[in-house]
Structures are given as C-alpha cells and as structure tokens.
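**Q** Enclosed is the structure file coords-v3.txt (compact mmCIF, C-alpha atoms).
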# COMPACT_ATOMS: atom_id res chain seq x y z
CA MET A 33 2.71 12.91 6.71
CA GLY A 34 6.42 12.65 7.50
CA LEU A 35 9.11 10.27 6.31
CA ILE A 36 8.56 7.67 9.06
CA GLU A 37 4.81 7.48 8.40
CA LEU A 38 5.49 7.32 4.67
CA MET A 39 7.90 4.41 5.02
CA MET A 40 5.40 2.56 7.21
CA LEU A 41 2.75 3.19 4.56
CA ALA A 42 5.06 1.97 1.79
CA VAL A 43 5.79 -1.27 3.66
CA GLY A 44 2.10 -1.78 4.44
CA LEU A 45 1.07 -1.28 0.82
CA SER A 46 3.75 -3.64 -0.45
CA MET A 47 2.48 -6.59 1.57
CA ASP A 48 -0.08 -7.61 -1.07
CA ALA A 49 2.66 -7.64 -3.70
CA PHE A 50 4.94 -9.47 -1.27
CA ALA A 51 2.32 -12.17 -0.69
CA VAL A 52 1.76 -12.65 -4.43
CA SER A 53 5.52 -12.66 -5.05
CA ILE A 54 5.90 -15.49 -2.54
CA CYS A 55 3.30 -17.48 -4.47
CA LYS A 56 5.09 -16.74 -7.74
CA GLY A 57 8.29 -18.04 -6.23
CA LEU A 58 6.51 -21.18 -5.06
CA SER A 59 5.02 -21.86 -8.51
CA THR A 60 8.33 -21.47 -10.34
CA LYS A 61 10.82 -24.33 -10.31
CA LYS A 62 13.96 -22.29 -10.95
CA ILE A 63 14.31 -18.73 -9.65
CA THR A 64 17.06 -16.39 -10.84
CA MET A 65 17.74 -12.71 -10.33
CA LYS A 66 15.81 -12.08 -13.56
CA GLU A 67 12.52 -13.40 -12.12
CA CYS A 68 13.06 -11.43 -8.91
CA ALA A 69 13.70 -8.25 -10.91
CA ILE A 70 10.64 -8.81 -13.13
CA CYS A 71 8.33 -9.02 -10.11
CA GLY A 72 10.03 -6.04 -8.49
CA VAL A 73 9.66 -3.84 -11.58
CA TRP A 74 6.03 -4.72 -12.25
CA PHE A 75 4.77 -4.56 -8.69
CA GLY A 76 6.98 -1.63 -7.69
CA GLY A 77 6.18 0.35 -10.81
CA PHE A 78 2.41 0.09 -10.42
CA GLN A 79 2.56 0.57 -6.65
CA GLY A 80 4.39 3.85 -7.23
CA LEU A 81 2.23 4.98 -10.16
CA MET A 82 -1.19 4.40 -8.62
CA PRO A 83 -0.81 6.81 -5.66
CA PHE A 84 0.34 9.56 -8.03
CA ILE A 85 -2.73 9.04 -10.22
CA GLY A 86 -4.90 9.08 -7.11
CA PHE A 87 -3.28 12.33 -5.98
CA LEU A 88 -3.85 14.03 -9.35
CA VAL A 89 -7.50 12.99 -9.38
CA GLY A 90 -8.02 13.87 -5.72
CA SER A 91 -6.41 17.29 -6.05
CA ARG A 92 -9.27 18.38 -8.32
CA PHE A 93 -11.59 18.05 -5.34
CA GLU A 94 -9.22 19.55 -2.77
CA PHE A 95 -11.68 22.21 -1.60
CA ILE A 96 -14.07 19.45 -0.52
CA ILE A 97 -11.48 16.98 0.74
CA ASN A 98 -9.86 19.52 3.07
CA ARG A 99 -13.09 19.75 5.07
CA ILE A 100 -13.18 16.05 5.81
CA ALA A 101 -9.46 15.33 5.46
CA PRO A 102 -8.67 13.31 8.61
CA TRP A 103 -11.84 11.23 8.45
CA LEU A 104 -11.37 10.56 4.73
CA ALA A 105 -7.80 9.42 5.30
CA PHE A 106 -8.84 7.19 8.18
CA PHE A 107 -11.75 5.69 6.22
CA LEU A 108 -9.68 4.88 3.13
CA LEU A 109 -6.79 3.38 5.10
CA ALA A 110 -9.17 1.45 7.37
CA VAL A 111 -11.02 -0.07 4.41
CA ILE A 112 -7.74 -1.10 2.80
CA GLY A 113 -6.35 -2.47 6.06
CA ILE A 114 -9.50 -4.42 6.98
CA ASN A 115 -9.67 -5.89 3.48
CA MET A 116 -6.07 -7.07 3.79
CA LEU A 117 -6.83 -8.62 7.19
CA LYS A 118 -9.88 -10.44 5.77
CA GLU A 119 -7.76 -11.83 2.95
CA ALA A 120 -5.06 -12.88 5.42
CA PHE A 121 -7.47 -14.97 7.49
CA SER A 122 -9.59 -16.22 4.60
CA LYS A 123 -9.61 -19.98 4.12
CA GLU A 124 -9.94 -19.59 0.37
CA GLU A 125 -6.69 -20.12 -1.47
CA GLU A 126 -5.71 -17.58 -4.11
CA GLU A 127 -5.02 -19.03 -7.51
CA ILE A 128 -1.70 -17.65 -8.70
CA GLU A 129 -1.01 -18.11 -12.38
CA ALA A 130 2.46 -19.40 -13.11
CA GLY A 131 4.83 -17.58 -15.44
CA PHE A 132 6.25 -14.07 -15.78
CA GLY A 133 4.70 -13.02 -19.10
CA ILE A 134 3.51 -9.46 -19.75
CA LYS A 135 -0.21 -10.30 -19.57
CA THR A 136 0.14 -12.26 -16.34
CA MET A 137 2.33 -9.70 -14.60
CA PHE A 138 0.20 -6.75 -15.77
CA MET A 139 -2.96 -8.25 -14.31
CA MET A 140 -1.24 -9.07 -11.03
CA ALA A 141 0.43 -5.67 -10.78
CA VAL A 142 -2.89 -3.86 -11.26
CA ALA A 143 -4.69 -6.16 -8.82
CA THR A 144 -2.12 -5.61 -6.07
CA SER A 145 -1.88 -1.84 -6.57
CA ILE A 146 -5.56 -0.80 -6.67
CA ASP A 147 -5.37 -0.02 -2.95
CA ALA A 148 -2.54 2.40 -3.62
CA LEU A 149 -4.86 4.45 -5.86
CA ALA A 150 -7.03 5.24 -2.84
CA VAL A 151 -3.93 6.04 -0.78
CA GLY A 152 -2.99 8.67 -3.36
CA ILE A 153 -6.22 10.51 -2.52
CA THR A 154 -5.19 10.57 1.15
CA PHE A 155 -2.07 12.48 0.08
CA VAL A 156 -4.42 15.35 -0.80
CA ALA A 157 -6.15 15.09 2.56
CA VAL A 158 -2.91 14.59 4.51
CA PRO A 159 -0.08 16.13 2.42
CA VAL A 160 3.34 14.50 2.36
CA LYS A 161 5.99 16.78 3.90
CA ILE A 162 9.47 15.38 3.52
CA LEU A 163 11.05 18.11 1.38
CA ASN A 164 10.86 21.90 1.38
CA ALA A 165 9.00 21.85 -1.92
CA SER A 166 5.52 21.86 -3.42
CA GLY A 167 2.92 19.23 -2.66
CA LEU A 168 3.28 17.77 -6.16
CA ILE A 169 7.04 17.27 -5.76
CA ASN A 170 6.65 15.80 -2.28
CA THR A 171 4.02 13.41 -3.59
CA ALA A 172 6.23 12.41 -6.51
CA VAL A 173 9.11 11.68 -4.13
CA ALA A 174 6.75 9.71 -1.90
CA CYS A 175 5.63 7.62 -4.87
CA VAL A 176 9.25 6.91 -5.81
CA LEU A 177 9.94 5.74 -2.25
CA ILE A 178 6.87 3.48 -2.40
CA LEU A 179 8.10 2.16 -5.76
CA ILE A 180 11.57 1.35 -4.42
CA THR A 181 10.22 -0.22 -1.24
CA THR A 182 7.80 -2.44 -3.15
CA PHE A 183 10.49 -3.37 -5.68
CA LEU A 184 12.83 -4.60 -2.95
CA ILE A 185 10.13 -6.40 -0.97
CA SER A 186 8.60 -8.04 -4.05
CA ALA A 187 11.97 -9.22 -5.34
CA ALA A 188 12.71 -10.66 -1.91
CA GLY A 189 9.26 -12.28 -1.85
CA VAL A 190 9.98 -14.29 -5.00
CA ARG A 191 13.18 -15.62 -3.46
CA ILE A 192 11.49 -16.39 -0.15
CA GLY A 193 8.66 -18.16 -1.95
CA SER A 194 11.09 -20.41 -3.77
CA VAL A 195 12.71 -21.39 -0.46
CA PHE A 196 9.94 -21.36 2.14
CA GLY A 197 6.74 -21.53 0.09
CA THR A 198 3.55 -19.83 1.35
CA LYS A 199 4.34 -20.22 5.05
CA TYR A 200 4.47 -16.46 5.65
CA LYS A 201 1.82 -15.32 3.16
CA SER A 202 -1.06 -14.77 5.62
CA GLY A 203 1.23 -13.14 8.18
CA ALA A 204 2.50 -10.68 5.57
CA GLU A 205 -1.01 -9.60 4.57
CA ALA A 206 -2.12 -9.33 8.20
CA ALA A 207 0.92 -7.22 9.10
CA GLY A 208 0.27 -4.90 6.16
CA GLY A 209 -3.39 -4.46 7.15
CA ILE A 210 -2.50 -3.67 10.76
CA VAL A 211 0.10 -1.11 9.70
CA LEU A 212 -2.42 0.72 7.50
CA LEU A 213 -5.04 0.73 10.28
CA LEU A 214 -2.54 2.16 12.76
CA ILE A 215 -1.56 4.94 10.37
CA GLY A 216 -5.24 5.85 9.89
CA ILE A 217 -5.82 6.01 13.66
CA LYS A 218 -2.66 8.07 14.12
CA ILE A 219 -3.91 10.63 11.57
CA LEU A 220 -7.15 11.09 13.52
CA LEU A 221 -5.38 11.40 16.86
CA GLU A 222 -2.92 13.96 15.49
CA HIS A 223 -5.70 16.08 14.01
CA TYR A 224 -8.12 16.13 16.92
CA GLY A 225 -6.12 14.96 19.91
CA VAL A 226 -7.40 12.09 22.02
CA ILE A 227 -9.87 14.15 24.09
CA ALA A 228 -11.20 16.14 21.14
CA LEU A 229 -11.67 12.93 19.17
CA VAL A 230 -13.76 11.34 21.91
CA LEU A 231 -15.85 14.51 22.23
CA SER A 232 -16.42 14.70 18.49
CA MET A 233 -17.61 11.10 18.43
CA LEU A 234 -19.98 11.67 21.37
CA THR A 235 -21.42 14.95 20.09
CA GLY A 236 -21.29 14.10 16.40
CA ARG A 237 -19.42 17.29 15.61
What do you get writing this file as structure tokens?

**A**
Amino acid sequence: MGLIELMMLAVGLSMDAFAVSICKGLSTKKITMKECAICGVWFGGFQGLMPFIGFLVGSRFEFIINRIAPWLAFFLLAVIGINMLKEAFSKEEEEIEAGFGIKTMFMMAVATSIDALAVGITFVAVPVKILNASGLINTAVACVLILITTFLISAAGVRIGSVFGTKYKSGAEAAGGIVLLLIGIKILLEHYGVIALVLSMLTGR
C-alpha cells in the first residue's frame, strides 16, 4: 500500500469521526478552538492507535494471513465500508451526548475507531510501503498520518457542525464507505489482475 492509497484510507476512516464531530458542533452553543482541538486529539489519537494495535495482533498470525492476504483485506474493508453506507442511509438518528468531558469523549473515540482496528490487520496482509524501512516503522508512520488526518478533519467537523448543522453528516459517512470499498477492490485487482480475478471466481481457485 503506497502513500496515495494510505491517504485515501485515512480520509475514509476519519469520516465516522467527522460525522460525530459535526453533531458535537451542533449540540454545543459556543465553539472555540479548544473544543475543536479536544475532538481532534481524542478522535485522531484513537484512530491512529487502533490500526497499530491491529497490526501487532495480526502480525502474530502472519504465516496464515499471507495465504489469504488480498481476500482478507478486501473482506475487512468491504465490511467496514458497507457498514458505513448502511449508517449513512439509516433513518435512525444517532444520539450524540453533549459535552467534551473525558468519559464522553473516550466512549465516542473508541466507538468511531473500532473499524480502524480491523484496518490494522490489513496492514499485515497488505504491507504499507512509503519508506525504505521495516514493516513496523512503515506501519507506525502510517498510523501517525491517519492520526493527523483524523485530527484535522475532526477539528474541522466541529466547526462545520456549529455553522451548518448535520446537513453533510450522511454524505460524509457514505463517502467514507465508498472510499474503503474502492480500496478493497483495488487490492484484489492489483493482486490477481482483472482476468485472473474473474477466473478465480469462476473456478473457485
């Protein structure tokens, strides 16, 4: 996975946090840089930490994962993406608790970063290659990039929420889900090639 794919992944993963940040902005009467930074730190921190944990856990089963690498990556990203799309078009409104206290932000940060834990496992299946270094270092750098991306997008989400409300919430989740699905498909196509992929599906090999 190169830098471009990684940045697309980071943006896709941050859409859940972005959507929640918009709701936080809507539920708060007065927004300052402090509230924006709080959301950015919590959401960005957990979004960067979860993939690294997933990578460390997944690396213990590398000998198995390597055999099913492309399909595992596609499956995990597809599940995450489809779930985000379902949430985007769901008629049920999410209840977003007001306030920026530790308990509230911790629960929200964990809830919006669970998907990133699964993505960390895909880094074992499809290693990140952006530096001429070990897989661990590349993964660590990738997690930092995800952290920074989510920080910026979440902080912006709070501000947008305070101005525009939840107008763009569903669109943000849908866009994130589509991005993750496209990355999963791209991984399969790169591994097998279009013709080989079709043949493998027809023959079951």

**Q** Work out where the centre of an axis-aligned box around every listed atom of region 35-50 of chain A lies and how long its edges are once 6 Å is added on each side; give both in Å to one decimal as JSON.

**A**
{"center_x": 4.5, "center_y": 0.4, "center_z": 2.7, "size_x": 21.2, "size_y": 31.7, "size_z": 24.8}

**Q** Taking only C-alpha atoms into account, which of A:Leu177, A:Ile114, A:Leu149, A:Ile54 comes nearest Ile162 (chain A)?

**A**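 Smallest separation from Ile162 (chain A) among the options: A:Leu177.
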
**Q** When you count all atoms listed in the file, which of these residues is closest to Gly152 (chain A): A:Ala42, A:Phe75, A:Ser53, A:Leu184?

**A**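 Under the stated criterion, the closest residue is A:Ala42.
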
**Q** Can you pull out the residues contacting Ala187 (chain A)? Cut-off 10 Å, using all atoms listed in the file, and skip same-chain residues under 2 positions away; I want them as a PDB file with C-alpha atoms, in the coordinates of the input.

**A**
ATOM      1  CA  ALA A  49       2.660  -7.640  -3.700  1.00  0.00           C
ATOM      2  CA  PHE A  50       4.940  -9.470  -1.270  1.00  0.00           C
ATOM      3  CA  SER A  53       5.520 -12.660  -5.050  1.00  0.00           C
ATOM      4  CA  ILE A  54       5.900 -15.490  -2.540  1.00  0.00           C
ATOM      5  CA  GLY A  57       8.290 -18.040  -6.230  1.00  0.00           C
ATOM      6  CA  MET A  65      17.740 -12.710 -10.330  1.00  0.00           C
ATOM      7  CA  LYS A  66      15.810 -12.080 -13.560  1.00  0.00           C
ATOM      8  CA  GLU A  67      12.520 -13.400 -12.120  1.00  0.00           C
ATOM      9  CA  CYS A  68      13.060 -11.430  -8.910  1.00  0.00           C
ATOM     10  CA  ALA A  69      13.700  -8.250 -10.910  1.00  0.00           C
ATOM     11  CA  ILE A  70      10.640  -8.810 -13.130  1.00  0.00           C
ATOM     12  CA  CYS A  71       8.330  -9.020 -10.110  1.00  0.00           C
ATOM     13  CA  GLY A  72      10.030  -6.040  -8.490  1.00  0.00           C
ATOM     14  CA  VAL A  73       9.660  -3.840 -11.580  1.00  0.00           C
ATOM     15  CA  PHE A  75       4.770  -4.560  -8.690  1.00  0.00           C
ATOM     16  CA  GLY A  76       6.980  -1.630  -7.690  1.00  0.00           C
ATOM     17  CA  THR A 182       7.800  -2.440  -3.150  1.00  0.00           C
ATOM     18  CA  PHE A 183      10.490  -3.370  -5.680  1.00  0.00           C
ATOM     19  CA  LEU A 184      12.830  -4.600  -2.950  1.00  0.00           C
ATOM     20  CA  ILE A 185      10.130  -6.400  -0.970  1.00  0.00           C
ATOM     21  CA  GLY A 189       9.260 -12.280  -1.850  1.00  0.00           C
ATOM     22  CA  VAL A 190       9.980 -14.290  -5.000  1.00  0.00           C
ATOM     23  CA  ARG A 191      13.180 -15.620  -3.460  1.00  0.00           C
ATOM     24  CA  ILE A 192      11.490 -16.390  -0.150  1.00  0.00           C
TER      25      ILE A 192
END

**Q** Within 8 Å of Val211 (chain A), counting all atoms listed in the file, which residues qualify if same-chain residues fewer than 6 places away don't, as a PDB file with C-alpha atoms, in the coordinates of the input?

**A**
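Result written to out_35.pdb:
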ATOM      1  CA  MET A  40       5.400   2.560   7.210  1.00  0.00           C
ATOM      2  CA  LEU A  41       2.750   3.190   4.560  1.00  0.00           C
ATOM      3  CA  GLY A  44       2.100  -1.780   4.440  1.00  0.00           C
ATOM      4  CA  GLY A 113      -6.350  -2.470   6.060  1.00  0.00           C
TER       5      GLY A 113
END

**Q** Please measure the separation of CA of Ala148 (chain A) and CA of Ile63 (chain A), giving the value in Å to one decimal.

**A**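 We find that CA of Ala148 (chain A) and CA of Ile63 (chain A) lie 27.7 Å from each other.
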
**Q** Considering all atoms listed in the file, can you say which of A:Met39, A:Leu108, A:Ile215, A:Ala51 comes closest to Val173 (chain A)?

**A** A:Met39

**Q** So the first atom is CA of Gly90 (chain A) and the second is CA of Ile134 (chain A); what is the distance between them in Å, to one decimal place?

**A** 29.6 Å

**Q** Give the answer as one residue: which of A:Leu220, A:Leu168, A:Leu38, A:Met82 has the shortest atom-to-atom distance to Val142 (chain A), using all atoms listed in the file?

**A**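 Checking each candidate against Val142 (chain A), we get A:Met82 as the closest.
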
**Q** Please report the interatomic distance between CA of Pro159 (chain A) and CA of Gly34 (chain A) in Å with one decimal.

**A** 9.0 Å

**Q** Have a look at A:Val43, A:Val158, A:Ala141, A:Ala207 and name the one nearest to Gln79 (chain A); count only C-alpha atoms.

**A**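 Using only C-alpha atoms, Gln79 (chain A) sits closest to A:Ala141.
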
**Q** Counting all atoms listed in the file, which of A:Leu163, A:Val151, A:Lys135, A:Phe106 gets nearest to Leu214 (chain A)?

**A**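 Of A:Leu163, A:Val151, A:Lys135, A:Phe106, the one nearest Leu214 (chain A), counting all atoms listed in the file, is A:Phe106.
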